[in-house]
>>> print(open('query.cif').read())   # mmCIF, C-alpha atoms
data_protein
loop_
_atom_site.label_atom_id
_atom_site.label_comp_id
_atom_site.auth_asym_id
_atom_site.auth_seq_id
_atom_site.Cartn_x
_atom_site.Cartn_y
_atom_site.Cartn_z
CA MET A 1 112.93 82.93 92.33
CA LYS A 2 115.57 84.95 94.15
CA ILE A 3 116.55 88.26 92.52
CA VAL A 4 119.94 89.88 93.14
CA LEU A 5 120.74 93.40 91.96
CA ASP A 6 124.49 93.84 92.26
CA HIS A 7 125.83 97.44 92.27
CA LEU A 8 123.28 98.45 89.64
CA THR A 9 123.69 101.91 88.08
CA LYS A 10 121.68 103.53 85.29
CA ARG A 11 122.60 106.85 83.73
CA PHE A 12 120.66 108.78 81.10
CA PRO A 13 122.00 111.58 78.88
CA ASN A 14 121.03 115.00 80.19
CA ARG A 15 118.60 116.77 77.87
CA ASN A 16 119.81 120.12 79.18
CA ARG A 17 122.73 120.88 76.86
CA LYS A 18 124.15 123.35 79.37
CA ILE A 19 124.69 120.50 81.84
CA ARG A 20 127.15 117.90 80.59
CA GLU A 21 126.73 115.40 83.42
CA ASP A 22 124.41 112.47 82.90
CA VAL A 23 121.25 112.04 84.95
CA VAL A 24 121.80 109.23 87.46
CA ALA A 25 118.48 107.42 87.83
CA VAL A 26 119.85 104.43 89.77
CA ASP A 27 123.05 104.84 91.76
CA ASP A 28 125.08 101.78 92.88
CA PHE A 29 121.96 99.91 93.96
CA THR A 30 122.48 96.54 95.64
CA VAL A 31 119.68 94.42 97.06
CA GLU A 32 118.69 90.76 97.36
CA ILE A 33 115.00 89.84 97.01
CA PRO A 34 114.25 86.43 98.57
CA ASP A 35 112.40 83.74 96.64
CA GLY A 36 108.62 84.00 96.96
CA CYS A 37 108.76 87.42 98.62
CA LEU A 38 106.53 90.41 97.86
CA ILE A 39 108.76 93.45 98.10
CA GLY A 40 107.51 97.03 98.05
CA LEU A 41 109.78 99.47 96.22
CA LEU A 42 108.96 102.76 97.87
CA GLY A 43 110.11 106.33 97.42
CA PRO A 44 109.14 109.77 96.14
CA SER A 45 108.46 110.45 92.47
CA GLY A 46 111.67 110.47 90.44
CA CYS A 47 113.67 108.34 92.88
CA GLY A 48 114.34 105.55 90.35
CA LYS A 49 111.66 102.98 91.28
CA SER A 50 110.30 102.44 87.78
CA THR A 51 113.81 102.45 86.33
CA ILE A 52 114.69 99.57 88.68
CA LEU A 53 111.64 97.70 87.39
CA ASN A 54 112.61 98.37 83.77
CA LEU A 55 116.13 97.10 84.44
CA VAL A 56 114.85 93.90 86.06
CA SER A 57 112.41 93.30 83.19
CA GLY A 58 115.03 94.01 80.51
CA LEU A 59 113.31 97.07 79.06
CA GLU A 60 116.40 99.09 80.03
CA GLU A 61 120.05 98.07 80.07
CA PRO A 62 122.15 99.02 83.11
CA THR A 63 125.10 101.35 82.71
CA SER A 64 126.97 99.13 85.15
CA GLY A 65 126.24 96.32 87.59
CA ARG A 66 124.66 92.89 87.21
CA ILE A 67 121.20 91.32 87.57
CA PHE A 68 120.80 87.71 88.71
CA PHE A 69 117.75 85.45 88.83
CA GLU A 70 118.91 82.80 91.28
CA ASP A 71 122.49 82.12 90.03
CA ARG A 72 121.69 82.98 86.41
CA ASP A 73 123.09 86.26 85.10
CA VAL A 74 120.24 87.85 83.10
CA THR A 75 121.85 91.28 82.68
CA ASN A 76 122.11 90.96 78.88
CA LEU A 77 119.09 88.73 78.26
CA PRO A 78 116.20 90.22 76.23
CA PRO A 79 112.90 90.69 78.11
CA GLU A 80 111.18 87.72 76.47
CA LYS A 81 113.90 85.36 77.75
CA ARG A 82 113.72 86.42 81.40
CA GLY A 83 110.44 84.81 82.44
CA VAL A 84 109.06 88.07 83.81
CA GLY A 85 105.44 89.25 84.04
CA LEU A 86 104.99 93.03 83.97
CA VAL A 87 101.87 95.03 84.88
CA PHE A 88 101.96 98.69 83.86
CA GLN A 89 100.35 101.66 85.58
CA ASN A 90 97.95 102.22 82.66
CA TYR A 91 97.21 98.47 82.17
CA ALA A 92 98.15 98.66 78.41
CA LEU A 93 95.24 96.46 77.30
CA TYR A 94 94.36 96.14 73.62
CA PRO A 95 90.98 97.90 73.25
CA HIS A 96 89.82 95.81 70.25
CA LEU A 97 90.41 92.49 72.02
CA THR A 98 88.21 90.80 74.60
CA ALA A 99 89.49 90.12 78.10
CA LEU A 100 90.16 86.49 77.10
CA GLU A 101 92.09 87.56 74.00
CA ASN A 102 94.10 90.08 76.01
CA ILE A 103 95.06 87.42 78.54
CA MET A 104 95.98 84.92 75.79
CA PHE A 105 98.02 87.46 73.82
CA PRO A 106 101.45 86.69 75.41
CA LEU A 107 100.94 82.97 74.76
CA GLY A 108 100.27 83.64 71.08
CA ASN A 109 103.70 85.27 70.80
CA LEU A 110 105.56 82.17 71.96
CA ARG A 111 107.73 80.56 69.29
CA GLY A 112 109.52 77.29 68.69
CA ASP A 113 109.39 74.68 71.43
CA GLU A 114 107.54 77.09 73.71
CA ARG A 115 104.55 77.43 71.38
CA LEU A 116 101.33 75.99 72.82
CA PRO A 117 98.25 74.45 71.14
CA LYS A 118 95.20 76.70 71.05
CA ASP A 119 93.20 74.63 73.52
CA GLU A 120 96.05 74.77 76.05
CA MET A 121 96.38 78.54 75.59
CA HIS A 122 92.65 78.87 76.21
CA ALA A 123 92.80 76.66 79.30
CA ARG A 124 95.72 78.62 80.79
CA ALA A 125 93.98 81.95 80.09
CA VAL A 126 90.81 80.74 81.84
CA GLU A 127 92.89 79.46 84.75
CA ALA A 128 94.58 82.88 85.12
CA ALA A 129 91.19 84.60 84.88
CA LYS A 130 89.81 82.42 87.67
CA LEU A 131 92.80 83.25 89.84
CA VAL A 132 91.98 86.98 89.61
CA GLN A 133 88.22 86.29 89.72
CA ILE A 134 87.19 87.68 86.33
CA ASP A 135 86.33 84.37 84.60
CA GLY A 136 82.75 85.63 84.13
CA LEU A 137 83.90 88.68 82.13
CA LEU A 138 86.07 87.07 79.48
CA ASP A 139 83.87 88.11 76.53
CA ARG A 140 83.99 91.81 77.42
CA ARG A 141 86.28 94.40 75.88
CA PRO A 142 88.24 96.83 78.11
CA SER A 143 85.78 99.68 77.44
CA GLU A 144 83.01 97.52 78.91
CA MET A 145 84.89 96.91 82.16
CA SER A 146 85.57 98.97 85.28
CA GLY A 147 89.07 100.14 86.20
CA GLY A 148 89.43 97.40 88.78
CA GLN A 149 88.33 94.73 86.28
CA GLN A 150 90.78 96.02 83.69
CA GLN A 151 93.51 95.86 86.31
CA ARG A 152 92.69 92.21 86.96
CA VAL A 153 92.87 91.46 83.24
CA ALA A 154 96.35 93.03 83.18
CA ILE A 155 97.44 90.92 86.15
CA ALA A 156 96.02 87.75 84.58
CA ARG A 157 97.87 88.54 81.35
CA ALA A 158 101.11 88.86 83.33
CA LEU A 159 100.47 85.56 85.15
CA VAL A 160 99.39 83.46 82.18
CA LYS A 161 102.99 82.71 81.14
CA LYS A 162 103.65 81.46 84.69
CA PRO A 163 106.56 83.84 85.20
CA GLY A 164 109.22 83.41 87.85
CA VAL A 165 109.05 87.13 88.64
CA LEU A 166 106.05 89.49 88.70
CA LEU A 167 106.68 93.24 88.39
CA LEU A 168 103.92 95.73 89.24
CA ASP A 169 104.53 99.37 88.31
CA GLU A 170 102.19 101.54 90.43
CA PRO A 171 99.25 99.31 89.42
CA LEU A 172 96.67 100.97 91.69
CA SER A 173 97.26 104.65 91.01
CA ASN A 174 94.36 104.95 88.55
CA LEU A 175 91.77 103.49 90.94
CA ASP A 176 89.59 105.26 93.50
CA ALA A 177 90.35 104.85 97.20
CA ARG A 178 87.90 102.03 97.96
CA LEU A 179 88.82 100.08 94.84
CA ARG A 180 92.53 100.51 95.59
CA LEU A 181 92.02 98.90 98.98
CA ALA A 182 90.13 95.94 97.52
CA THR A 183 92.60 95.47 94.65
CA ARG A 184 95.71 95.55 96.80
CA GLU A 185 94.15 92.84 98.99
CA GLU A 186 93.58 90.80 95.84
CA ILE A 187 97.19 91.31 94.74
CA ARG A 188 98.37 90.02 98.10
CA ARG A 189 96.04 87.02 97.90
CA ILE A 190 97.21 86.16 94.38
CA GLN A 191 100.88 86.49 95.36
CA ARG A 192 100.41 84.18 98.33
CA GLU A 193 98.61 81.60 96.21
CA THR A 194 101.15 81.64 93.37
CA LYS A 195 104.25 82.24 95.55
CA ILE A 196 105.75 84.28 92.70
CA THR A 197 108.54 86.65 93.66
CA THR A 198 106.88 90.05 93.24
CA VAL A 199 108.22 93.60 93.09
CA PHE A 200 105.52 96.20 93.75
CA VAL A 201 106.46 99.78 92.88
CA THR A 202 104.55 102.56 94.63
CA HIS A 203 104.99 106.02 96.11
CA ASP A 204 102.11 105.32 98.53
CA GLN A 205 103.66 104.18 101.82
CA GLU A 206 100.33 102.86 103.14
CA GLU A 207 100.06 100.51 100.15
CA ALA A 208 103.63 99.33 100.59
CA MET A 209 103.28 98.71 104.32
CA SER A 210 99.96 96.86 104.00
CA ILE A 211 100.95 94.14 101.53
CA SER A 212 104.76 93.87 101.47
CA ASP A 213 106.94 91.26 103.14
CA LEU A 214 109.84 93.68 102.85
CA ILE A 215 110.06 97.37 102.01
CA VAL A 216 112.90 98.98 100.08
CA VAL A 217 113.01 102.74 100.65
CA MET A 218 114.75 104.74 97.91
CA LYS A 219 115.77 108.34 97.37
CA ASP A 220 117.70 109.84 94.43
CA GLY A 221 118.38 106.39 93.01
CA ARG A 222 120.00 105.06 96.17
CA LEU A 223 118.89 102.46 98.68
CA HIS A 224 118.27 103.91 102.14
CA GLN A 225 116.74 100.99 104.01
CA ILE A 226 115.37 97.49 103.46
CA ALA A 227 113.45 95.72 106.23
CA LYS A 228 110.02 94.46 107.21
CA PRO A 229 107.38 97.23 107.06
CA GLN A 230 106.94 97.62 110.82
CA ALA A 231 110.71 97.60 111.36
CA VAL A 232 111.16 100.43 108.86
CA TYR A 233 108.42 102.40 110.62
CA ASP A 234 109.72 101.76 114.14
CA ASP A 235 113.44 101.78 113.42
CA PRO A 236 114.24 104.19 110.56
CA VAL A 237 117.92 104.55 109.69
CA ASN A 238 117.66 108.27 109.00
CA LEU A 239 115.32 111.25 109.03
CA PHE A 240 114.29 110.83 105.39
CA VAL A 241 112.95 107.32 106.02
CA ALA A 242 111.27 108.44 109.25
CA LYS A 243 109.50 111.31 107.48
CA PHE A 244 108.54 109.29 104.41
CA LEU A 245 106.67 106.58 106.32
CA GLY A 246 103.67 107.27 108.49
CA THR A 247 100.20 108.81 108.25
CA PRO A 248 99.97 111.31 109.84
CA PRO A 249 103.70 111.91 109.34
CA ILE A 250 106.24 111.95 112.12
CA ASN A 251 106.46 115.22 114.08
CA VAL A 252 109.90 116.81 113.81
CA PHE A 253 111.30 119.21 116.44
CA SER A 254 114.61 120.94 116.97
CA GLY A 255 116.03 119.78 120.29
CA THR A 256 119.10 119.94 122.49
CA VAL A 257 120.83 117.33 124.62
CA LYS A 258 122.36 118.49 127.90
CA ALA A 259 123.81 116.15 130.54
CA GLY A 260 121.79 113.15 129.35
CA LYS A 261 118.50 115.04 129.07
CA LEU A 262 116.66 115.85 125.85
CA LEU A 263 115.23 119.37 125.82
CA ILE A 264 112.60 120.69 123.45
CA GLY A 265 112.76 124.43 123.81
CA SER A 266 113.91 124.91 127.39
CA GLU A 267 111.97 122.00 128.87
CA PRO A 268 113.42 118.54 129.55
CA VAL A 269 111.29 115.83 127.94
CA LEU A 270 113.30 112.58 127.97
CA ASP A 271 116.31 110.85 129.48
CA VAL A 272 118.81 110.08 126.68
CA PRO A 273 121.78 108.28 128.23
CA GLY A 274 124.85 107.94 126.06
CA VAL A 275 123.95 110.84 123.74
CA GLY A 276 126.51 113.64 123.67
CA ASP A 277 125.59 117.24 124.37
CA GLY A 278 124.55 119.32 121.39
CA GLU A 279 121.74 120.03 118.97
CA VAL A 280 119.61 117.16 117.68
CA THR A 281 116.58 116.66 115.49
CA VAL A 282 113.75 114.96 117.35
CA GLY A 283 111.18 112.78 115.57
CA VAL A 284 108.03 111.76 117.46
CA ARG A 285 105.39 109.51 115.92
CA PRO A 286 101.82 110.84 116.36
CA GLU A 287 101.03 107.98 118.76
CA GLY A 288 104.07 108.88 120.87
CA PHE A 289 102.45 111.77 122.79
CA GLU A 290 100.80 111.45 126.18
CA PRO A 291 98.69 114.41 127.39
CA VAL A 292 99.63 115.42 130.92
CA THR A 293 96.92 117.07 133.04
CA GLU A 294 97.02 118.79 136.41
CA GLY A 295 96.16 115.51 138.07
CA GLY A 296 99.19 113.87 136.45
CA PRO A 297 99.57 111.70 133.35
CA SER A 298 96.31 110.49 131.91
CA SER A 299 97.75 107.05 131.15
CA ALA A 300 98.56 104.00 133.07
CA LYS A 301 97.27 101.92 130.21
CA LYS A 302 99.67 102.17 127.27
CA GLY A 303 101.66 99.01 127.67
CA GLY A 304 102.28 99.77 131.33
CA TRP A 305 104.26 102.91 130.44
CA ILE A 306 103.90 105.88 132.79
CA PRO A 307 105.59 109.20 131.96
CA ALA A 308 108.44 110.22 134.26
CA GLU A 309 107.55 113.06 136.59
CA GLY A 310 108.70 116.45 135.38
CA LEU A 311 109.53 115.35 131.84
CA SER A 312 106.98 117.07 129.61
CA PHE A 313 106.65 120.19 127.48
CA ALA A 314 103.96 122.71 126.65
CA CYS A 315 102.44 123.18 123.21
CA ALA A 316 99.81 125.55 121.89
CA LEU A 317 96.65 123.52 121.31
CA ASP A 318 95.01 124.56 118.05
CA ARG A 319 92.11 122.11 117.82
CA VAL A 320 90.94 118.60 118.55
CA GLU A 321 89.73 116.43 115.66
CA VAL A 322 87.58 113.40 116.52
CA MET A 323 88.19 110.46 114.17
CA GLY A 324 86.00 107.80 115.76
CA ARG A 325 88.04 105.50 117.97
CA ASP A 326 91.01 107.89 118.12
CA THR A 327 91.36 111.63 118.43
CA SER A 328 93.88 113.90 116.74
CA ILE A 329 95.29 116.81 118.75
CA VAL A 330 96.59 119.53 116.44
CA PHE A 331 99.22 121.68 118.14
CA ALA A 332 101.98 124.21 117.51
CA HIS A 333 105.43 124.69 119.04
CA PRO A 334 108.25 127.14 118.23
CA THR A 335 110.73 124.32 117.50
CA LEU A 336 108.36 122.32 115.31
CA ASP A 337 109.23 121.74 111.66
CA GLY A 338 106.03 122.96 110.05
CA ALA A 339 103.08 125.05 111.19
CA PHE A 340 101.35 122.29 113.14
CA GLY A 341 102.00 118.86 114.60
CA ARG A 342 99.58 116.03 115.30
CA ALA A 343 99.23 113.72 118.26
CA ILE A 344 96.98 110.66 118.04
CA VAL A 345 95.46 109.73 121.41
CA ASP A 346 92.50 107.75 122.71
CA ALA A 347 89.25 109.71 122.64
CA GLU A 348 88.96 109.81 126.46
CA GLU A 349 92.46 111.29 126.79
CA ALA A 350 91.41 114.33 124.77
CA ALA A 351 88.14 114.84 126.63
CA GLY A 352 87.93 118.30 128.09
CA LEU A 353 90.86 119.73 126.13
CA GLU A 354 90.18 123.25 124.92
CA PRO A 355 92.20 125.68 122.76
CA GLY A 356 95.06 127.02 124.83
CA THR A 357 97.99 125.05 126.16
CA VAL A 358 98.44 121.30 126.31
CA ARG A 359 101.35 119.48 127.93
CA PHE A 360 102.79 116.32 126.43
CA ALA A 361 105.06 113.63 127.76
CA LEU A 362 106.89 111.60 125.10
CA ARG A 363 106.90 107.82 124.81
CA PRO A 364 110.54 106.70 124.47
CA SER A 365 109.57 103.85 122.11
CA LYS A 366 108.08 106.36 119.65
CA THR A 367 110.75 109.06 119.90
CA ARG A 368 113.82 109.06 117.65
CA LEU A 369 116.89 111.31 117.53
CA PHE A 370 118.73 112.31 114.36
CA ASP A 371 121.87 114.25 113.50
CA PRO A 372 120.66 117.72 112.38
CA LYS A 373 123.36 117.94 109.68
CA THR A 374 123.40 114.46 108.16
CA GLY A 375 119.95 113.19 109.14
CA ASP A 376 121.50 109.95 110.40
CA ARG A 377 119.93 108.19 113.36
CA ILE A 378 121.37 108.75 116.85
CA HIS A 379 120.77 105.74 119.07
CA ILE A 380 119.99 106.13 122.76
CA ALA A 381 121.93 103.77 125.02
CA GLY A 382 119.72 101.32 126.94
CA SER A 383 116.53 102.93 125.67
CA ALA A 384 113.18 101.28 124.90
CA GLU A 385 113.62 101.88 121.17
CA ALA A 386 111.63 99.34 119.19
#
>>> encode(input="query.cif", output="structure tokens")
Amino acid sequence: MKIVLDHLTKRFPNRNRKIREDVVAVDDFTVEIPDGCLIGLLGPSGCGKSTILNLVSGLEEPTSGRIFFEDRDVTNLPPEKRGVGLVFQNYALYPHLTALENIMFPLGNLRGDERLPKDEMHARAVEAAKLVQIDGLLDRRPSEMSGGQQQRVAIARALVKKPGVLLLDEPLSNLDARLRLATREEIRRIQRETKITTVFVTHDQEEAMSISDLIVVMKDGRLHQIAKPQAVYDDPVNLFVAKFLGTPPINVFSGTVKAGKLLIGSEPVLDVPGVGDGEVTVGVRPEGFEPVTEGGPSSAKKGGWIPAEGLSFACALDRVEVMGRDTSIVFAHPTLDGAFGRAIVDAEEAAGLEPGTVRFALRPSKTRLFDPKTGDRIHIAGSAEA
């Protein structure tokens, strides 16, 4: 089922009596979610993600704007008429009911022509339990189940009505790291099998990137970017999006453009044709650094890219952290935003590096320029930007 949010705005009264203006939780938000898509709604705490979910489900009414499921305007429909399944962060299971009874509960609330016979309710509950692989635990109560099992019960309960839309509100935040990984893989499997249009709310960018078909990045109630996960990572529209996605985060420097050259400090590091002279903000992904030694660049292997001669800059090497296959070089630079930056390189590239000075060349495909005042992206003419 396609979902269209058309200029959606939600305002709440301000509890601070000294401030008369309302709190704007969602601000003129417009997005189209394709049928059968799993979309990750991503942003920092307080950006309006859960409010969007509550508006789509009908738990909140918009101040202005419209909500469409396909061509049907559902803006004023009550939640029970929308055909939506909702999974909360805290699961919201009834502690006195078994897993089977929890899953069947929404079916027992159906009225009129929608009401089902008991044997059909039971069959549909078992079917949903099998889908999330808890059909062997149906006689247990929530207190007798692990967090991951309780989460699956909550998902089965949301699926048992065969909704057209599935809404997940930070469903993994109460699980430990290993269980989160396993459960998010299960959510993706279930979504692919059911082909239900799914909105997955999270502040964890790794979760969003790993299972989403599309990512919507929000800040202060506004849409900043919607695209495929890798496209958002490689091609951010502004500095906020660039900084929000990525682990380790993007390294941010103050730079200057002079006569088509990008300078970090006083050293030229990149050709930037078509960019006007002036100050810029430079974002470099951790994998965008290439150590340069006395014998020249250590790489002829990264996609055939070889750093241009003379385009590199010196950083103070703080330490080298070995992480198995890759190595993290922790460094400092006077123009760096933050105390330290991180470069991720192959282990052999960091061999022999000792505290002192390290020189880096920058990969053009992993380097982005931004306006220092607005944070908007500055595109480089004819560059290898991904």
>>> closest_atom_pairs(input="query.cif", of="range 100-217 of chain A", to="range 24-40 of chain A", cutoff="9 Å", atoms="only C-alpha atoms", output="JSON lines")
{"residue": "A:Val165", "atom": "CA", "partner": "A:Gly36", "partner_atom": "CA", "distance": 8.9}
{"residue": "A:Arg188", "atom": "CA", "partner": "A:Leu38", "partner_atom": "CA", "distance": 8.2}
{"residue": "A:Gln191", "atom": "CA", "partner": "A:Leu38", "partner_atom": "CA", "distance": 7.3}
{"residue": "A:Arg192", "atom": "CA", "partner": "A:Gly36", "partner_atom": "CA", "distance": 8.3}
{"residue": "A:Thr194", "atom": "CA", "partner": "A:Gly36", "partner_atom": "CA", "distance": 8.6}
{"residue": "A:Lys195", "atom": "CA", "partner": "A:Gly36", "partner_atom": "CA", "distance": 4.9}
{"residue": "A:Ile196", "atom": "CA", "partner": "A:Gly36", "partner_atom": "CA", "distance": 5.1}
{"residue": "A:Thr197", "atom": "CA", "partner": "A:Gly36", "partner_atom": "CA", "distance": 4.2}
{"residue": "A:Thr198", "atom": "CA", "partner": "A:Leu38", "partner_atom": "CA", "distance": 4.6}
{"residue": "A:Val199", "atom": "CA", "partner": "A:Ile39", "partner_atom": "CA", "distance": 5.0}
{"residue": "A:Phe200", "atom": "CA", "partner": "A:Gly40", "partner_atom": "CA", "distance": 4.8}
{"residue": "A:Val201", "atom": "CA", "partner": "A:Gly40", "partner_atom": "CA", "distance": 5.9}
{"residue": "A:Thr202", "atom": "CA", "partner": "A:Gly40", "partner_atom": "CA", "distance": 7.1}
{"residue": "A:Gln205", "atom": "CA", "partner": "A:Gly40", "partner_atom": "CA", "distance": 9.0}
{"residue": "A:Glu207", "atom": "CA", "partner": "A:Gly40", "partner_atom": "CA", "distance": 8.5}
{"residue": "A:Ala208", "atom": "CA", "partner": "A:Gly40", "partner_atom": "CA", "distance": 5.2}
{"residue": "A:Met209", "atom": "CA", "partner": "A:Gly40", "partner_atom": "CA", "distance": 7.7}
{"residue": "A:Ile211", "atom": "CA", "partner": "A:Leu38", "partner_atom": "CA", "distance": 7.6}
{"residue": "A:Ser212", "atom": "CA", "partner": "A:Ile39", "partner_atom": "CA", "distance": 5.2}
{"residue": "A:Asp213", "atom": "CA", "partner": "A:Leu38", "partner_atom": "CA", "distance": 5.4}
{"residue": "A:Leu214", "atom": "CA", "partner": "A:Ile39", "partner_atom": "CA", "distance": 4.9}
{"residue": "A:Ile215", "atom": "CA", "partner": "A:Gly40", "partner_atom": "CA", "distance": 4.7}
{"residue": "A:Val216", "atom": "CA", "partner": "A:Gly40", "partner_atom": "CA", "distance": 6.1}
{"residue": "A:Val217", "atom": "CA", "partner": "A:Gly40", "partner_atom": "CA", "distance": 8.3}
>>> residues_near_point(input="query.cif", point="(105.2, 127.2, 115.1)", cutoff="12 Å", atoms="all atoms listed in the file", output="list in words")
Val252, Phe253, Ser254, Gly265, Cys315, Ala316, Leu317, Asp318, Val330, Phe331, Ala332, His333, Pro334, Thr335, Leu336, Asp337, Gly338, Ala339, Phe340 and Gly341 of chain A
>>> write_last_selection(input="query.cif", atoms="C-alpha atoms", output="mmCIF file, in the frame of the given file")
data_model
loop_
_atom_site.group_PDB
_atom_site.id
_atom_site.type_symbol
_atom_site.label_atom_id
_atom_site.label_comp_id
_atom_site.auth_asym_id
_atom_site.auth_seq_id
_atom_site.Cartn_x
_atom_site.Cartn_y
_atom_site.Cartn_z
ATOM 1 C CA VAL A 252 109.900 116.810 113.810
ATOM 2 C CA PHE A 253 111.300 119.210 116.440
ATOM 3 C CA SER A 254 114.610 120.940 116.970
ATOM 4 C CA GLY A 265 112.760 124.430 123.810
ATOM 5 C CA CYS A 315 102.440 123.180 123.210
ATOM 6 C CA ALA A 316 99.810 125.550 121.890
ATOM 7 C CA LEU A 317 96.650 123.520 121.310
ATOM 8 C CA ASP A 318 95.010 124.560 118.050
ATOM 9 C CA VAL A 330 96.590 119.530 116.440
ATOM 10 C CA PHE A 331 99.220 121.680 118.140
ATOM 11 C CA ALA A 332 101.980 124.210 117.510
ATOM 12 C CA HIS A 333 105.430 124.690 119.040
ATOM 13 C CA PRO A 334 108.250 127.140 118.230
ATOM 14 C CA THR A 335 110.730 124.320 117.500
ATOM 15 C CA LEU A 336 108.360 122.320 115.310
ATOM 16 C CA ASP A 337 109.230 121.740 111.660
ATOM 17 C CA GLY A 338 106.030 122.960 110.050
ATOM 18 C CA ALA A 339 103.080 125.050 111.190
ATOM 19 C CA PHE A 340 101.350 122.290 113.140
ATOM 20 C CA GLY A 341 102.000 118.860 114.600
#
>>> residues_around(input="query.cif", residues="Leu262 in chain A", least_positions_apart="6", cutoff="12 Å", atoms="all atoms listed in the file", output="list of chain:residue names")
A:Phe253, A:Ser254, A:Gly255, A:Thr256, A:Pro268, A:Val269, A:Leu270, A:Asp271, A:Val272, A:Pro273, A:Gly274, A:Val275, A:Gly276, A:Asp277, A:Gly278, A:Glu279, A:Val280, A:Thr281, A:Val282, A:Leu311, A:Ser312, A:Phe313, A:Ala361, A:Leu362, A:Pro364, A:Thr367, A:Arg368, A:Leu369, A:Ile380
>>> write_last_selection(input="query.cif", atoms="C-alpha atoms", output="PDB file, in the frame of the given file")
ATOM      1  CA  PHE A 253     111.300 119.210 116.440  1.00  0.00           C
ATOM      2  CA  SER A 254     114.610 120.940 116.970  1.00  0.00           C
ATOM      3  CA  GLY A 255     116.030 119.780 120.290  1.00  0.00           C
ATOM      4  CA  THR A 256     119.100 119.940 122.490  1.00  0.00           C
ATOM      5  CA  PRO A 268     113.420 118.540 129.550  1.00  0.00           C
ATOM      6  CA  VAL A 269     111.290 115.830 127.940  1.00  0.00           C
ATOM      7  CA  LEU A 270     113.300 112.580 127.970  1.00  0.00           C
ATOM      8  CA  ASP A 271     116.310 110.850 129.480  1.00  0.00           C
ATOM      9  CA  VAL A 272     118.810 110.080 126.680  1.00  0.00           C
ATOM     10  CA  PRO A 273     121.780 108.280 128.230  1.00  0.00           C
ATOM     11  CA  GLY A 274     124.850 107.940 126.060  1.00  0.00           C
ATOM     12  CA  VAL A 275     123.950 110.840 123.740  1.00  0.00           C
ATOM     13  CA  GLY A 276     126.510 113.640 123.670  1.00  0.00           C
ATOM     14  CA  ASP A 277     125.590 117.240 124.370  1.00  0.00           C
ATOM     15  CA  GLY A 278     124.550 119.320 121.390  1.00  0.00           C
ATOM     16  CA  GLU A 279     121.740 120.030 118.970  1.00  0.00           C
ATOM     17  CA  VAL A 280     119.610 117.160 117.680  1.00  0.00           C
ATOM     18  CA  THR A 281     116.580 116.660 115.490  1.00  0.00           C
ATOM     19  CA  VAL A 282     113.750 114.960 117.350  1.00  0.00           C
ATOM     20  CA  LEU A 311     109.530 115.350 131.840  1.00  0.00           C
ATOM     21  CA  SER A 312     106.980 117.070 129.610  1.00  0.00           C
ATOM     22  CA  PHE A 313     106.650 120.190 127.480  1.00  0.00           C
ATOM     23  CA  ALA A 361     105.060 113.630 127.760  1.00  0.00           C
ATOM     24  CA  LEU A 362     106.890 111.600 125.100  1.00  0.00           C
ATOM     25  CA  PRO A 364     110.540 106.700 124.470  1.00  0.00           C
ATOM     26  CA  THR A 367     110.750 109.060 119.900  1.00  0.00           C
ATOM     27  CA  ARG A 368     113.820 109.060 117.650  1.00  0.00           C
ATOM     28  CA  LEU A 369     116.890 111.310 117.530  1.00  0.00           C
ATOM     29  CA  ILE A 380     119.990 106.130 122.760  1.00  0.00           C
TER      30      ILE A 380
END
>>> closest_residue(input="query.cif", among="A:Gly85, A:Pro78, A:Gly283, A:Pro236", to="Glu61 in chain A", atoms="all atoms listed in the file")
A:Pro78
>>> closest_residue(input="query.cif", among="A:Leu166, A:Ala182, A:Leu42, A:Met121", to="Phe105 in chain A", atoms="all atoms listed in the file")
A:Met121
